[in-house]
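Visitor: Quick one: structure below, then a few questions.
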Amino acid sequence: QVQLVESGGGLVQPGGSLRLSCAGSGRSTVFYYMGWYRQAPGKQRELVANIAPNGNTNYGDAVKGRFTISRNKAHNAVYLQMNSLKPEDTAVYYCNAVVAGSGSNYWGQGTQVTVSS
């Protein structure tokens with residue numbers, strides 16, 4: 001069974017930084033795209049960033065230039081370095097992964113990021 005486990009959320013002041021991590025598990029599972037989405041109260045879930053197997057990245061407009069996504073394919077892990085955080089970045093952040101071959105889509109349980117003074 002495939003599982004995605006996030007860590008690294010928390011409370012940070014505006015202008016601060018956080019690093020989110022997501023570790024994927026599953027026997028012989030190979031992940032295709034991996035990425036991060038977020039959902040703020042009363043809003044729809046939105047793309048933060050994703051990364052392809054070849055390392056190509058895609059970012060949501062709201063985070064371009066401030067967030068950086070990376071992955072460790074050997075460990076089925078994906079990371080999100082978040083700099084210059086703003087109060088509007090406050091949301092639950094979800095790890096997402098697509099399994100190669102089947103195309104099955106998986107989500108982590110979410111980790112809360114709160115940006116506040």
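Identifiers in this document derive from the order of the structure tokens: chains are assigned A, B, ..., residues are numbered from 1 separately in each chain, and ligands are numbered from 1 in order of occurrence.
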Do you know which residues are at most 9 Å from A:Tyr32 counting only C-alpha atoms, after dropping those on the same chain fewer than 6 positions away, and could you put them as a PyMOL selection string?

Guide: chain A and resi 51-53+97-101+103

Visitor: Name all residues at most 7 Å from A:Val92 (count only C-alpha atoms; drop same-chain ones fewer than 5 positions away) and give them as a PDB file with N, CA, C and O atoms, in the first residue's frame.

Guide:
```
ATOM      1  N   ARG A  38      -1.755  23.059  -1.630  1.00  0.00           N
ATOM      2  CA  ARG A  38      -2.159  23.645  -0.344  1.00  0.00           C
ATOM      3  C   ARG A  38      -3.619  24.054  -0.397  1.00  0.00           C
ATOM      4  O   ARG A  38      -4.170  24.317  -1.466  1.00  0.00           O
ATOM      5  N   GLN A  39      -4.210  24.095   0.788  1.00  0.00           N
ATOM      6  CA  GLN A  39      -5.606  24.504   0.895  1.00  0.00           C
ATOM      7  C   GLN A  39      -5.772  25.379   2.128  1.00  0.00           C
ATOM      8  O   GLN A  39      -5.513  24.927   3.250  1.00  0.00           O
ATOM      9  N   ALA A  40      -6.175  26.604   1.898  1.00  0.00           N
ATOM     10  CA  ALA A  40      -6.464  27.535   2.978  1.00  0.00           C
ATOM     11  C   ALA A  40      -7.950  27.453   3.321  1.00  0.00           C
ATOM     12  O   ALA A  40      -8.759  27.049   2.475  1.00  0.00           O
ATOM     13  N   GLY A 110      -1.454  15.791   5.097  1.00  0.00           N
ATOM     14  CA  GLY A 110      -1.410  17.241   5.222  1.00  0.00           C
ATOM     15  C   GLY A 110      -0.623  17.695   6.430  1.00  0.00           C
ATOM     16  O   GLY A 110      -0.605  17.025   7.465  1.00  0.00           O
ATOM     17  N   THR A 111       0.034  18.840   6.282  1.00  0.00           N
ATOM     18  CA  THR A 111       0.766  19.445   7.398  1.00  0.00           C
ATOM     19  C   THR A 111       0.448  20.942   7.416  1.00  0.00           C
ATOM     20  O   THR A 111       0.447  21.595   6.374  1.00  0.00           O
ATOM     21  N   GLN A 112       0.166  21.448   8.605  1.00  0.00           N
ATOM     22  CA  GLN A 112      -0.261  22.839   8.746  1.00  0.00           C
ATOM     23  C   GLN A 112       0.944  23.775   8.712  1.00  0.00           C
ATOM     24  O   GLN A 112       1.929  23.556   9.428  1.00  0.00           O
ATOM     25  N   VAL A 113       0.843  24.809   7.897  1.00  0.00           N
ATOM     26  CA  VAL A 113       1.822  25.893   7.885  1.00  0.00           C
ATOM     27  C   VAL A 113       1.079  27.171   8.231  1.00  0.00           C
ATOM     28  O   VAL A 113       0.106  27.530   7.574  1.00  0.00           O
TER      29      VAL A 113
END
```

Visitor: May I have the residues within 8 Å of A:Leu4 as a tab-separated table (two decimals) with N, CA, C and O atoms, in the first residue's frame, using only C-alpha atoms and disregarding those fewer than 4 positions away in the same chain?

Guide:
```tsv
chain	number	residue	atom	x	y	z
A	22	CYS	N	8.43	15.09	2.41
A	22	CYS	CA	7.41	14.07	2.17
A	22	CYS	C	8.13	12.79	1.76
A	22	CYS	O	8.90	12.79	0.80
A	23	ALA	N	7.86	11.73	2.50
A	23	ALA	CA	8.47	10.44	2.20
A	23	ALA	C	7.38	9.48	1.74
A	23	ALA	O	6.38	9.29	2.42
A	24	GLY	N	7.61	8.90	0.60
A	24	GLY	CA	6.67	7.94	0.06
A	24	GLY	C	7.11	6.52	0.31
A	24	GLY	O	8.30	6.21	0.23
A	25	SER	N	6.18	5.66	0.64
A	25	SER	CA	6.50	4.25	0.87
A	25	SER	C	5.54	3.38	0.08
A	25	SER	O	4.45	3.78	-0.27
A	95	CYS	N	1.20	16.68	0.32
A	95	CYS	CA	2.09	16.03	-0.62
A	95	CYS	C	1.26	15.21	-1.60
A	95	CYS	O	0.25	14.59	-1.21
A	96	ASN	N	1.68	15.19	-2.85
A	96	ASN	CA	0.96	14.46	-3.88
A	96	ASN	C	1.95	13.68	-4.72
A	96	ASN	O	3.05	14.15	-4.99
A	106	TYR	N	-1.92	9.74	-5.28
A	106	TYR	CA	-1.94	9.59	-3.83
A	106	TYR	C	-1.70	10.92	-3.15
A	106	TYR	O	-1.00	11.79	-3.68
A	107	TRP	N	-2.28	11.04	-1.94
A	107	TRP	CA	-2.14	12.24	-1.13
A	107	TRP	C	-1.65	11.91	0.26
A	107	TRP	O	-2.01	10.86	0.81
A	108	GLY	N	-0.86	12.82	0.82
A	108	GLY	CA	-0.49	12.71	2.22
A	108	GLY	C	-1.61	13.24	3.09
A	108	GLY	O	-2.64	13.72	2.61
A	109	GLN	N	-1.39	13.19	4.40
A	109	GLN	CA	-2.43	13.59	5.35
A	109	GLN	C	-2.48	15.09	5.55
A	109	GLN	O	-3.45	15.61	6.10
```

Visitor: Pick out the residues sitting within 12 Å of A:Ile69, and hand them over as JSON, numbers by chain; count only C-alpha atoms, and ignore anything fewer than 6 positions along from it in its own chain.

Guide: {"A": [19, 20, 21, 22, 33, 34, 35, 36, 37, 48, 49, 50, 51, 52, 55, 56, 57, 58, 59, 60, 63, 77, 78, 79, 80, 81, 82, 83, 95]}

Visitor: Please determine, counting only C-alpha atoms, which residue among A:Gln13, A:Leu47, A:Gln1, A:Ser116 has the shortest atom-to-atom distance to A:Gly26.

Guide: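 That would be A:Gln1, the residue with the smallest distance to A:Gly26.
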
Visitor: Record the distance separating atom CA of A:Val12 and atom CA of A:Gln44, expressed in Å with one decimal.

Guide: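 One can read the atom CA of A:Val12 to atom CA of A:Gln44 distance as 22.8 Å.
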
Visitor: Which is closest to A:Ala74 among A:Leu18, A:Gly10, A:Phe31, A:Val2, if we use only C-alpha atoms?

Guide: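 Nearest to A:Ala74: A:Phe31.
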
Visitor: Could you check which of A:Ser7, A:Ser104, A:Val30, A:Pro87 is closest to A:Ser117, using only C-alpha atoms?

Guide: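 Answer, going by the shortest atom-to-atom distance: A:Pro87.
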
Visitor: Restricting the calculation to only C-alpha atoms, which member of A:Ser102, A:Thr29, A:Thr90, A:Thr114 is positioned closest to A:Lys73?

Guide: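 The answer is A:Thr29, which sits nearest to A:Lys73.
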
Visitor: Residues of stretch 33-96 of chain A classed as helix (DSSP H, G or I) by DSSP on the backbone are to be reported as a list in words.

Guide: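 Result set for stretch 33-96 of chain A (helix (DSSP H, G or I)): Lys73, Ala74, His75, Pro87, Glu88 and Asp89 of chain A.
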
Visitor: I need the residues in chain A that are strand (DSSP E or B) according to DSSP; give them as a PDB file with C-alpha atoms, in the first residue's frame.

Guide:
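Saved to out21.pdb:
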```pdb
ATOM      1  CA  GLN A   3       1.625   6.038   1.790  1.00  0.00           C
ATOM      2  CA  LEU A   4       2.902   9.595   1.764  1.00  0.00           C
ATOM      3  CA  VAL A   5       4.007  11.101   5.072  1.00  0.00           C
ATOM      4  CA  GLU A   6       4.670  14.826   5.389  1.00  0.00           C
ATOM      5  CA  SER A   7       6.686  16.636   8.022  1.00  0.00           C
ATOM      6  CA  GLY A  10       4.638  24.741  11.889  1.00  0.00           C
ATOM      7  CA  LEU A  11       4.343  28.355  12.920  1.00  0.00           C
ATOM      8  CA  VAL A  12       6.708  30.923  11.434  1.00  0.00           C
ATOM      9  CA  LEU A  18      10.279  26.432   6.503  1.00  0.00           C
ATOM     10  CA  ARG A  19      11.203  23.189   4.783  1.00  0.00           C
ATOM     11  CA  LEU A  20       8.594  20.531   4.182  1.00  0.00           C
ATOM     12  CA  SER A  21       9.470  16.904   3.570  1.00  0.00           C
ATOM     13  CA  CYS A  22       7.410  14.067   2.173  1.00  0.00           C
ATOM     14  CA  ALA A  23       8.466  10.440   2.200  1.00  0.00           C
ATOM     15  CA  GLY A  24       6.670   7.939   0.055  1.00  0.00           C
ATOM     16  CA  SER A  25       6.497   4.253   0.867  1.00  0.00           C
ATOM     17  CA  PHE A  31       6.662   7.646  -8.346  1.00  0.00           C
ATOM     18  CA  TYR A  32       6.274   9.662 -11.499  1.00  0.00           C
ATOM     19  CA  TYR A  33       5.320  13.258 -10.693  1.00  0.00           C
ATOM     20  CA  MET A  34       5.601  14.390  -7.077  1.00  0.00           C
ATOM     21  CA  GLY A  35       4.461  17.707  -5.748  1.00  0.00           C
ATOM     22  CA  TRP A  36       2.820  19.912  -3.174  1.00  0.00           C
ATOM     23  CA  TYR A  37      -0.629  21.429  -3.008  1.00  0.00           C
ATOM     24  CA  ARG A  38      -2.159  23.645  -0.344  1.00  0.00           C
ATOM     25  CA  GLN A  39      -5.606  24.504   0.895  1.00  0.00           C
ATOM     26  CA  GLU A  46      -4.205  24.779  -5.321  1.00  0.00           C
ATOM     27  CA  LEU A  47      -0.938  23.689  -6.841  1.00  0.00           C
ATOM     28  CA  VAL A  48       2.159  24.920  -5.055  1.00  0.00           C
ATOM     29  CA  ALA A  49       4.782  23.075  -7.080  1.00  0.00           C
ATOM     30  CA  ASN A  50       5.478  19.773  -8.752  1.00  0.00           C
ATOM     31  CA  ILE A  51       8.518  18.055 -10.162  1.00  0.00           C
ATOM     32  CA  THR A  57       9.593  21.884 -12.133  1.00  0.00           C
ATOM     33  CA  ASN A  58       6.329  23.788 -12.198  1.00  0.00           C
ATOM     34  CA  TYR A  59       5.269  26.426  -9.656  1.00  0.00           C
ATOM     35  CA  PHE A  67       9.624  28.352  -2.943  1.00  0.00           C
ATOM     36  CA  THR A  68      11.853  25.605  -4.304  1.00  0.00           C
ATOM     37  CA  ILE A  69      10.841  22.003  -4.875  1.00  0.00           C
ATOM     38  CA  SER A  70      13.321  19.143  -5.020  1.00  0.00           C
ATOM     39  CA  ARG A  71      13.199  15.378  -4.863  1.00  0.00           C
ATOM     40  CA  ASN A  72      15.261  12.342  -4.012  1.00  0.00           C
ATOM     41  CA  ALA A  77      11.016  11.779  -1.263  1.00  0.00           C
ATOM     42  CA  VAL A  78      10.062  15.297  -2.217  1.00  0.00           C
ATOM     43  CA  TYR A  79      10.900  18.526  -0.431  1.00  0.00           C
ATOM     44  CA  LEU A  80       9.627  22.089  -0.432  1.00  0.00           C
ATOM     45  CA  GLN A  81      11.884  24.901   0.714  1.00  0.00           C
ATOM     46  CA  MET A  82       9.717  27.908   1.517  1.00  0.00           C
ATOM     47  CA  ALA A  91      -2.651  26.685   4.679  1.00  0.00           C
ATOM     48  CA  VAL A  92      -2.578  22.942   5.028  1.00  0.00           C
ATOM     49  CA  TYR A  93       0.069  21.637   2.672  1.00  0.00           C
ATOM     50  CA  TYR A  94      -0.451  18.254   1.027  1.00  0.00           C
ATOM     51  CA  CYS A  95       2.092  16.029  -0.621  1.00  0.00           C
ATOM     52  CA  ASN A  96       0.960  14.463  -3.881  1.00  0.00           C
ATOM     53  CA  ALA A  97       2.431  11.676  -5.978  1.00  0.00           C
ATOM     54  CA  VAL A  98       1.491   9.870  -9.147  1.00  0.00           C
ATOM     55  CA  VAL A  99       2.606   6.265  -9.446  1.00  0.00           C
ATOM     56  CA  ASN A 105      -2.785   9.489  -7.549  1.00  0.00           C
ATOM     57  CA  TYR A 106      -1.945   9.587  -3.830  1.00  0.00           C
ATOM     58  CA  TRP A 107      -2.141  12.244  -1.135  1.00  0.00           C
ATOM     59  CA  THR A 111       0.766  19.445   7.398  1.00  0.00           C
ATOM     60  CA  GLN A 112      -0.261  22.839   8.746  1.00  0.00           C
ATOM     61  CA  VAL A 113       1.822  25.893   7.885  1.00  0.00           C
ATOM     62  CA  THR A 114       0.920  29.085   9.719  1.00  0.00           C
ATOM     63  CA  VAL A 115       2.616  32.392   8.945  1.00  0.00           C
TER      64      VAL A 115
END
```
